[in-house]
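The structure file my_file.tsv is reproduced below (TSV, C-alpha atoms).
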chain	number	residue	atom	x	y	z
A	1	MET	CA	101.84	73.65	95.44
A	2	THR	CA	104.53	76.33	95.44
A	3	VAL	CA	107.52	75.32	97.51
A	4	MET	CA	110.85	76.84	98.36
A	5	VAL	CA	114.18	76.00	99.92
A	6	ARG	CA	115.16	78.61	102.47
A	7	VAL	CA	118.48	79.21	104.16
A	8	MET	CA	117.40	80.60	107.51
A	9	SER	CA	120.62	82.18	108.85
A	10	ASN	CA	124.39	82.19	108.55
A	11	LYS	CA	124.51	79.17	110.80
A	12	ALA	CA	121.94	77.44	108.60
A	13	LYS	CA	124.23	77.73	105.58
A	14	HIS	CA	126.11	74.74	106.96
A	15	PHE	CA	123.08	72.39	107.00
A	16	PRO	CA	123.76	68.84	105.84
A	17	LYS	CA	122.49	68.22	102.32
A	18	SER	CA	119.47	66.33	103.67
A	19	TYR	CA	118.35	69.50	105.50
A	20	ALA	CA	118.75	71.57	102.35
A	21	LYS	CA	115.87	69.56	100.87
A	22	MET	CA	113.45	70.88	103.48
A	23	LEU	CA	110.46	72.44	101.72
A	24	PHE	CA	108.02	75.03	102.97
A	25	SER	CA	105.12	76.90	101.44
A	26	ALA	CA	105.56	80.66	101.40
A	27	LEU	CA	102.74	83.09	102.17
A	28	GLY	CA	103.02	86.50	100.58
A	29	ILE	CA	101.41	88.15	103.62
A	30	HIS	CA	104.47	87.31	105.73
A	31	HIS	CA	107.16	89.96	105.66
A	32	ASP	CA	110.27	88.54	103.97
A	33	GLU	CA	108.61	85.09	104.04
A	34	GLN	CA	110.30	84.38	107.37
A	35	LEU	CA	107.38	82.57	109.04
A	36	LEU	CA	107.30	79.11	107.55
A	37	ILE	CA	104.43	76.68	107.38
A	38	THR	CA	105.07	72.97	106.95
A	39	THR	CA	102.92	71.49	104.19
A	40	ASP	CA	103.11	67.74	104.81
A	41	PRO	CA	104.43	65.19	107.35
A	42	TRP	CA	107.84	65.08	105.71
A	43	ASP	CA	108.25	68.85	106.07
A	44	GLU	CA	107.04	68.68	109.66
A	45	ARG	CA	109.58	65.99	110.55
A	46	ARG	CA	112.43	68.03	109.07
A	47	ALA	CA	111.23	71.14	110.91
A	48	ARG	CA	111.24	69.32	114.23
A	49	GLU	CA	114.77	68.11	113.59
A	50	LEU	CA	115.89	71.69	112.97
A	51	MET	CA	114.03	72.78	116.08
A	52	GLN	CA	116.01	70.27	118.14
A	53	GLU	CA	119.19	71.89	116.84
A	54	GLU	CA	117.80	75.35	117.74
A	55	LEU	CA	117.80	76.44	114.10
A	56	LEU	CA	114.02	76.90	114.14
A	57	ILE	CA	111.49	77.71	116.82
A	58	ARG	CA	107.95	76.35	116.80
A	59	LEU	CA	105.38	79.11	117.18
A	60	TYR	CA	102.23	77.11	116.50
A	61	ASN	CA	101.11	73.85	114.96
A	62	HIS	CA	102.94	73.69	111.59
A	63	VAL	CA	104.33	77.24	112.02
A	64	TYR	CA	108.06	77.85	112.48
A	65	ALA	CA	110.46	80.79	112.37
A	66	ASP	CA	114.13	81.66	112.33
A	67	PRO	CA	114.79	82.46	116.02
A	68	VAL	CA	117.09	85.38	115.17
A	69	TYR	CA	114.49	86.93	112.89
A	70	TRP	CA	111.72	86.38	115.44
A	71	SER	CA	113.71	87.91	118.29
A	72	HIS	CA	114.26	91.11	116.29
A	73	LEU	CA	110.59	91.70	115.43
A	74	ASP	CA	108.74	94.35	117.41
A	75	VAL	CA	105.69	93.18	119.35
A	76	GLU	CA	103.13	94.39	116.80
A	77	ALA	CA	104.92	92.66	113.93
A	78	ARG	CA	105.10	89.43	115.94
A	79	ILE	CA	101.38	89.45	116.60
A	80	PHE	CA	100.45	90.29	113.01
A	81	GLN	CA	102.75	87.74	111.41
A	82	LEU	CA	101.87	84.91	113.77
A	83	ALA	CA	98.14	85.64	113.51
A	84	SER	CA	98.49	85.61	109.72
A	85	ALA	CA	100.17	82.21	109.81
A	86	ILE	CA	97.60	80.77	112.21
A	87	ALA	CA	94.78	82.01	109.95
A	88	ALA	CA	96.41	80.15	107.06
A	89	VAL	CA	96.84	76.94	109.07
A	90	GLU	CA	93.41	77.14	110.74
A	91	PRO	CA	90.95	79.19	108.66
A	92	ASP	CA	88.28	78.77	111.36
A	93	ALA	CA	90.45	80.27	114.13
A	94	ILE	CA	88.77	83.18	115.92
A	95	PHE	CA	90.99	86.01	117.12
A	96	CYS	CA	89.92	88.12	120.07
A	97	GLY	CA	91.10	90.58	122.69
A	98	SER	CA	94.23	92.62	122.05
A	99	THR	CA	94.99	90.69	118.84
A	100	ALA	CA	91.64	91.53	117.28
A	101	ALA	CA	92.03	95.14	118.43
A	102	LEU	CA	95.45	95.39	116.76
A	103	LEU	CA	94.03	94.00	113.51
A	104	TYR	CA	91.11	96.45	113.68
A	105	GLY	CA	93.51	99.34	114.33
A	106	ILE	CA	91.85	100.41	117.58
A	107	GLY	CA	94.68	99.86	120.05
A	108	SER	CA	98.00	98.23	120.74
A	109	ALA	CA	99.03	98.51	124.39
A	110	TYR	CA	102.37	96.71	124.43
A	111	SER	CA	101.66	95.27	127.88
A	112	LEU	CA	98.75	93.30	126.35
A	113	LEU	CA	100.59	92.13	123.23
A	114	ASN	CA	102.69	89.35	124.70
A	115	ALA	CA	100.79	86.66	122.77
A	116	VAL	CA	98.22	86.10	120.02
A	117	GLN	CA	94.81	85.84	121.67
A	118	MET	CA	92.36	83.28	120.27
A	119	LEU	CA	89.02	81.86	121.36
A	120	LEU	CA	89.15	78.25	122.52
A	121	PRO	CA	85.96	76.21	121.97
A	122	ARG	CA	84.79	74.81	125.29
A	123	SER	CA	85.06	71.22	124.10
A	124	THR	CA	88.57	71.60	122.70
A	125	ARG	CA	91.94	70.94	124.27
A	126	ARG	CA	94.99	72.43	122.61
A	127	ASP	CA	98.75	72.30	122.89
A	128	THR	CA	100.26	75.26	124.67
A	129	TYR	CA	102.54	77.72	122.90
A	130	GLU	CA	104.64	80.54	124.30
A	131	PHE	CA	103.20	83.15	121.96
A	132	VAL	CA	99.54	82.02	121.86
A	133	GLU	CA	96.97	82.63	124.56
A	134	TYR	CA	93.61	80.86	124.48
A	135	ARG	CA	90.53	82.56	125.92
A	136	ARG	CA	87.36	80.74	126.93
A	137	TRP	CA	85.12	83.66	126.02
A	138	ARG	CA	81.75	83.53	124.27
A	139	PRO	CA	82.38	84.79	120.73
A	140	GLY	CA	79.27	86.89	120.05
A	141	GLU	CA	79.03	88.21	116.51
A	142	LEU	CA	82.01	87.46	114.27
A	143	TRP	CA	83.53	89.72	111.62
A	144	ARG	CA	85.73	88.78	108.69
A	145	LEU	CA	88.72	91.01	107.95
A	146	GLY	CA	90.88	89.72	105.11
A	147	PRO	CA	92.11	86.26	106.19
A	148	PHE	CA	91.07	86.81	109.81
A	149	THR	CA	87.90	85.88	111.69
A	150	LEU	CA	87.51	88.23	114.67
A	151	THR	CA	85.16	89.03	117.50
A	152	ASP	CA	83.29	92.17	116.45
A	153	PRO	CA	84.87	95.53	117.44
A	154	CYS	CA	82.47	96.27	120.31
A	155	ARG	CA	82.79	92.78	121.75
A	156	THR	CA	86.56	92.99	121.39
A	157	VAL	CA	86.69	96.17	123.48
A	158	VAL	CA	84.22	94.86	126.05
A	159	ASP	CA	86.36	91.75	126.56
A	160	ILE	CA	89.54	93.82	126.93
A	161	ALA	CA	87.85	96.24	129.32
A	162	ARG	CA	86.54	93.49	131.59
A	163	ALA	CA	89.82	91.57	131.67
A	164	SER	CA	92.52	94.29	131.73
A	165	ALA	CA	93.78	97.03	134.00
A	166	PHE	CA	92.06	100.38	133.55
A	167	ARG	CA	95.22	102.20	132.42
A	168	TYR	CA	95.51	99.88	129.40
A	169	ALA	CA	91.82	99.23	128.71
A	170	LEU	CA	90.94	102.91	128.32
A	171	GLY	CA	93.06	103.24	125.17
A	172	TYR	CA	91.06	100.51	123.44
A	173	ALA	CA	87.74	102.15	124.32
A	174	ASP	CA	89.10	105.48	123.06
A	175	GLY	CA	90.29	103.75	119.88
A	176	LEU	CA	86.85	102.26	119.25
A	177	ALA	CA	85.31	105.71	119.59
A	178	ARG	CA	87.96	107.32	117.38
A	179	GLU	CA	88.14	104.73	114.59
A	180	TYR	CA	84.57	103.35	114.55
A	181	ASP	CA	82.63	106.37	115.84
A	182	VAL	CA	81.11	104.40	118.72
A	183	ASP	CA	80.20	106.58	121.70
A	184	ARG	CA	79.96	105.48	125.31
A	185	GLU	CA	76.15	105.19	125.25
A	186	GLU	CA	76.30	102.87	122.24
A	187	LEU	CA	78.97	100.70	123.83
A	188	ARG	CA	77.09	100.60	127.11
A	189	ALA	CA	73.90	99.54	125.31
A	190	TYR	CA	75.81	96.88	123.39
A	191	ALA	CA	77.27	95.45	126.61
A	192	GLN	CA	73.91	95.47	128.36
A	193	ALA	CA	72.32	93.60	125.46
A	194	ASN	CA	75.08	91.10	124.77
A	195	CYS	CA	77.40	90.74	127.75
A	196	ARG	CA	75.28	90.77	130.91
A	197	GLY	CA	76.56	88.43	133.58
A	198	LEU	CA	80.04	88.02	132.12
A	199	HIS	CA	82.92	88.01	134.58
A	200	GLY	CA	84.37	91.51	134.97
A	201	ILE	CA	81.55	93.32	133.16
A	202	ALA	CA	81.19	95.84	136.02
A	203	ARG	CA	84.86	96.77	135.50
A	204	ALA	CA	84.14	97.26	131.79
A	205	PHE	CA	81.29	99.68	132.47
A	206	GLY	CA	83.70	101.75	134.57
A	207	VAL	CA	86.02	102.02	131.56
A	208	PHE	CA	83.16	103.08	129.27
A	209	GLU	CA	82.42	106.09	131.50
A	210	HIS	CA	85.75	107.65	130.54
A	211	MET	CA	86.08	106.72	126.84
A	212	ASP	CA	86.76	109.66	124.54
A	213	GLY	CA	87.49	109.44	120.83
A	214	ARG	CA	89.35	112.75	120.86
A	215	SER	CA	92.38	110.97	122.30
A	216	ASP	CA	94.94	110.88	119.49
A	217	ASN	CA	96.69	107.64	120.40
A	218	GLY	CA	97.20	104.95	123.00
A	219	GLY	CA	99.92	106.87	124.83
A	220	GLU	CA	97.63	109.84	125.42
A	221	SER	CA	94.91	107.47	126.63
A	222	GLU	CA	97.24	105.70	129.03
A	223	ALA	CA	98.45	108.99	130.49
A	224	ARG	CA	94.86	110.17	130.92
A	225	ALA	CA	94.02	106.88	132.64
A	226	ALA	CA	96.87	107.52	135.07
A	227	MET	CA	95.44	110.98	135.81
A	228	ILE	CA	92.02	109.47	136.56
A	229	LEU	CA	93.58	106.76	138.75
A	230	ALA	CA	95.52	109.44	140.64
A	231	GLY	CA	92.40	111.50	141.37
A	232	VAL	CA	93.11	114.24	138.85
A	233	VAL	CA	89.98	115.67	137.23
A	234	ALA	CA	89.66	114.25	133.72
A	235	PRO	CA	90.99	116.89	131.30
A	236	GLU	CA	89.59	118.33	128.13
A	237	LEU	CA	91.37	116.83	125.13
A	238	GLN	CA	92.94	118.53	122.10
A	239	VAL	CA	92.40	121.98	123.56
A	240	GLU	CA	92.56	124.81	121.03
A	241	ILE	CA	93.74	128.25	122.15
A	242	ALA	CA	93.21	130.98	119.55
A	243	ARG	CA	96.31	132.93	118.61
A	244	PRO	CA	96.15	136.73	118.64
A	245	GLY	CA	95.10	138.35	115.39
A	246	ASN	CA	93.14	135.38	114.02
A	247	ALA	CA	96.42	133.63	113.27
A	248	GLY	CA	95.14	130.11	113.86
A	249	TYR	CA	95.37	128.38	117.21
A	250	TYR	CA	97.68	126.56	119.58
A	251	LEU	CA	96.79	122.92	120.28
A	252	ALA	CA	97.48	121.11	123.56
A	253	ASP	CA	97.00	117.43	124.43
A	254	TYR	CA	95.21	118.16	127.71
A	255	GLY	CA	93.68	121.16	129.41
A	256	TRP	CA	91.82	122.23	132.54
A	257	ARG	CA	89.84	125.47	132.72
A	258	MET	CA	90.87	127.29	135.89
A	259	PRO	CA	88.54	129.43	138.06
A	260	ASP	CA	89.97	132.67	136.63
A	261	GLY	CA	89.16	131.58	133.07
A	262	SER	CA	92.72	130.69	132.09
A	263	TRP	CA	93.85	127.24	130.96
A	264	MET	CA	96.27	124.87	132.60
A	265	LEU	CA	97.62	122.95	129.60
A	266	ALA	CA	99.63	119.73	129.56
A	267	GLU	CA	101.67	118.11	126.80
A	268	LEU	CA	102.67	114.46	126.73
A	269	HIS	CA	105.94	113.83	124.95
A	270	GLY	CA	109.49	112.57	124.96
A	271	LEU	CA	112.38	113.84	122.91
A	272	GLY	CA	110.90	111.94	119.98
A	273	LYS	CA	108.12	114.49	119.80
A	274	PHE	CA	110.67	116.99	118.54
A	275	ASP	CA	112.14	114.69	115.88
A	276	ASP	CA	111.53	115.30	112.19
A	277	GLU	CA	112.71	112.29	110.20
A	278	THR	CA	112.27	114.16	106.91
A	279	GLN	CA	115.25	116.34	107.81
A	280	LYS	CA	118.77	115.12	107.03
A	281	ASP	CA	120.24	116.90	110.05
A	282	LEU	CA	118.08	115.29	112.73
A	283	GLU	CA	119.81	117.02	115.63
A	284	HIS	CA	119.30	120.44	114.05
A	285	ALA	CA	115.68	119.64	113.13
A	286	ALA	CA	114.90	118.47	116.67
A	287	ALA	CA	116.48	121.58	118.17
A	288	LYS	CA	114.50	123.79	115.79
A	289	THR	CA	111.21	122.08	116.72
A	290	TYR	CA	112.09	122.24	120.40
A	291	ARG	CA	112.75	125.99	120.14
A	292	ALA	CA	109.38	126.40	118.43
A	293	ALA	CA	107.72	124.59	121.34
A	294	LEU	CA	109.46	126.86	123.84
A	295	LEU	CA	108.28	129.91	121.91
A	296	ARG	CA	104.74	128.54	121.82
A	297	ASP	CA	104.81	128.00	125.61
A	298	ALA	CA	106.11	131.54	126.14
A	299	ASN	CA	103.30	132.96	123.99
A	300	LEU	CA	100.67	130.96	125.86
A	301	ARG	CA	101.99	132.15	129.20
A	302	ALA	CA	101.96	135.73	127.94
A	303	MET	CA	98.26	135.18	127.17
A	304	GLY	CA	97.67	134.17	130.81
A	305	HIS	CA	97.75	130.38	130.41
A	306	ASN	CA	100.19	127.86	131.84
A	307	VAL	CA	101.81	124.84	130.21
A	308	ILE	CA	103.44	121.76	131.70
A	309	HIS	CA	105.23	118.90	129.96
A	310	PHE	CA	105.61	115.29	131.03
A	311	LYS	CA	106.62	111.89	129.68
A	312	LEU	CA	104.64	108.67	129.75
A	313	SER	CA	107.23	107.22	132.12
A	314	ASP	CA	106.25	109.94	134.61
A	315	THR	CA	102.84	108.26	134.91
A	316	TYR	CA	104.07	104.79	135.88
A	317	ASP	CA	104.04	105.62	139.59
A	318	VAL	CA	100.47	106.85	139.87
A	319	GLU	CA	100.84	108.36	143.36
A	320	GLU	CA	103.93	110.37	142.43
A	321	PHE	CA	102.32	111.46	139.18
A	322	GLY	CA	99.20	112.60	141.05
A	323	ALA	CA	101.33	114.58	143.50
A	324	MET	CA	103.16	116.23	140.61
A	325	MET	CA	99.89	117.24	138.93
A	326	ARG	CA	98.43	118.56	142.17
A	327	GLY	CA	101.58	120.59	142.67
A	328	TYR	CA	100.71	122.49	139.51
A	329	GLY	CA	97.29	123.34	140.91
A	330	ILE	CA	95.37	121.01	138.61
A	331	PRO	CA	91.91	120.21	140.02
A	332	THR	CA	91.47	116.91	141.84
A	333	THR	CA	88.64	114.52	142.60
A	334	LYS	CA	88.20	111.05	144.11
A	335	PRO	CA	90.70	108.58	142.59
A	336	PHE	CA	89.24	105.96	140.28
A	337	ALA	CA	89.09	102.54	141.95
A	338	ASP	CA	90.27	99.93	139.48
A	339	SER	CA	88.51	96.81	140.73
Exercise: express the given structure as structure tokens:
Amino acid sequence: MTVMVRVMSNKAKHFPKSYAKMLFSALGIHHDEQLLITTDPWDERRARELMQEELLIRLYNHVYADPVYWSHLDVEARIFQLASAIAAVEPDAIFCGSTAALLYGIGSAYSLLNAVQMLLPRSTRRDTYEFVEYRRWRPGELWRLGPFTLTDPCRTVVDIARASAFRYALGYADGLAREYDVDREELRAYAQANCRGLHGIARAFGVFEHMDGRSDNGGESEARAAMILAGVVAPELQVEIARPGNAGYYLADYGWRMPDGSWMLAELHGLGKFDDETQKDLEHAAAKTYRAALLRDANLRAMGHNVIHFKLSDTYDVEEFGAMMRGYGIPTTKPFADS
């Protein structure tokens, strides 16, 4: 067994000598080896002593971390590293929901990434942990991905769609279509064959009706979900407008064909959309890209089209967002009822 002595923080440098003997196994899959797994009862006892002194936090059975390190991880890194540790401690653990989706690369709505999601066998009782959420879902077919055992991609998305708000669930359905080439008819057939009678399945079918693999990322999906919830007609995605003289095309995130044949185009972005991290002078690079976007908008308007810009934060109040979109003359329909 490979073991190591780790000094966890500046404060930990002043451990008594008995604490300096604490041994952990190190897993190479953990970034900087900061998630520690106790290997025997002696290690576990020492870890609990350090936890009492707030020098370690307990994330799962036999899994500990430096609290400073853990607090500075982003939500995706937390989920990945903790899931990796759990898979090492419990090779039979089954990951589901938003955790499985993150590992598959089909979605990562931050609102759904507050904890690692795992299936809990019906006959099993477990300790509770702040960053682990047990689900009493039927597993369906299981896939193996590296060290992880996961609900299959379709079942993963079905479970998210039946248990989550529409504005977040749509991004996972879009991700399944984009990354695994599953269309809505295939997903609907899968759910009818494997998930009939499950709680929330009617909600899931409503999500499937709007899935579209042309959505580039979760932010674009969430914004489109807000449009649908607000009663805005679902837009075309990744709209291409040919430039004059066969000089390529302009690309817009969203578009609606207007009665006169022109396009109402919409771009989702924040200031980060104009950043170019490859440039040393970031302020100059952002300004240059921003000027290019203004020129593009001017050219599109000269061609008879219109362009609007908005941020994801503009969509958080669905009613206000809908009013803003209607103010631009974008077509409307009956708002989607998220049951």
Contacts of segment 79-85 of chain A at 7 Å or less, counting only C-alpha atoms, minus same-chain residues fewer than 3 places along, as a PyMOL selection string?
chain A and resi 30+63+75-76+88-89+99+115-116
Let's have the selection written as a PDB file, in the coordinates of the input, with C-alpha atoms.
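Wrote out_7.pdb, looks like this:
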ATOM      1  CA  HIS A  30     104.470  87.310 105.730  1.00  0.00           C
ATOM      2  CA  VAL A  63     104.330  77.240 112.020  1.00  0.00           C
ATOM      3  CA  VAL A  75     105.690  93.180 119.350  1.00  0.00           C
ATOM      4  CA  GLU A  76     103.130  94.390 116.800  1.00  0.00           C
ATOM      5  CA  ALA A  88      96.410  80.150 107.060  1.00  0.00           C
ATOM      6  CA  VAL A  89      96.840  76.940 109.070  1.00  0.00           C
ATOM      7  CA  THR A  99      94.990  90.690 118.840  1.00  0.00           C
ATOM      8  CA  ALA A 115     100.790  86.660 122.770  1.00  0.00           C
ATOM      9  CA  VAL A 116      98.220  86.100 120.020  1.00  0.00           C
TER      10      VAL A 116
END
Considering only C-alpha atoms, can you say which of A:Tyr254, A:Tyr110, A:Tyr172, A:Trp42 comes closest to Asp74 of chain A?
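Closest to Asp74 of chain A of all the choices is A:Tyr110.
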Proximity to Leu237 of chain A - best of A:Met211, A:Val68, A:Leu176, A:Leu120, only C-alpha atoms
A:Met211
Determine, counting only C-alpha atoms, which protein, DNA and RNA residues have an atom within 10 Å of an atom of Leu268 of chain A; residues of the same chain fewer than 3 positions away are not included. Present the result as an MDAnalysis selection string.
chainID A and resid 219:220 223:224 252:254 273 308:312 314
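Of the residues under consideration (A:Trp263, A:Tyr190, A:Tyr180, A:Phe148), A:Phe148 shows the shortest atom-to-atom contact distance to Leu103 of chain A when counting all atoms listed in the file.
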Here is a test: counting only C-alpha atoms, which residue of A:Gln52, A:Tyr104, A:Ala47, A:Val132 is nearest to Arg78 of chain A?
A:Val132
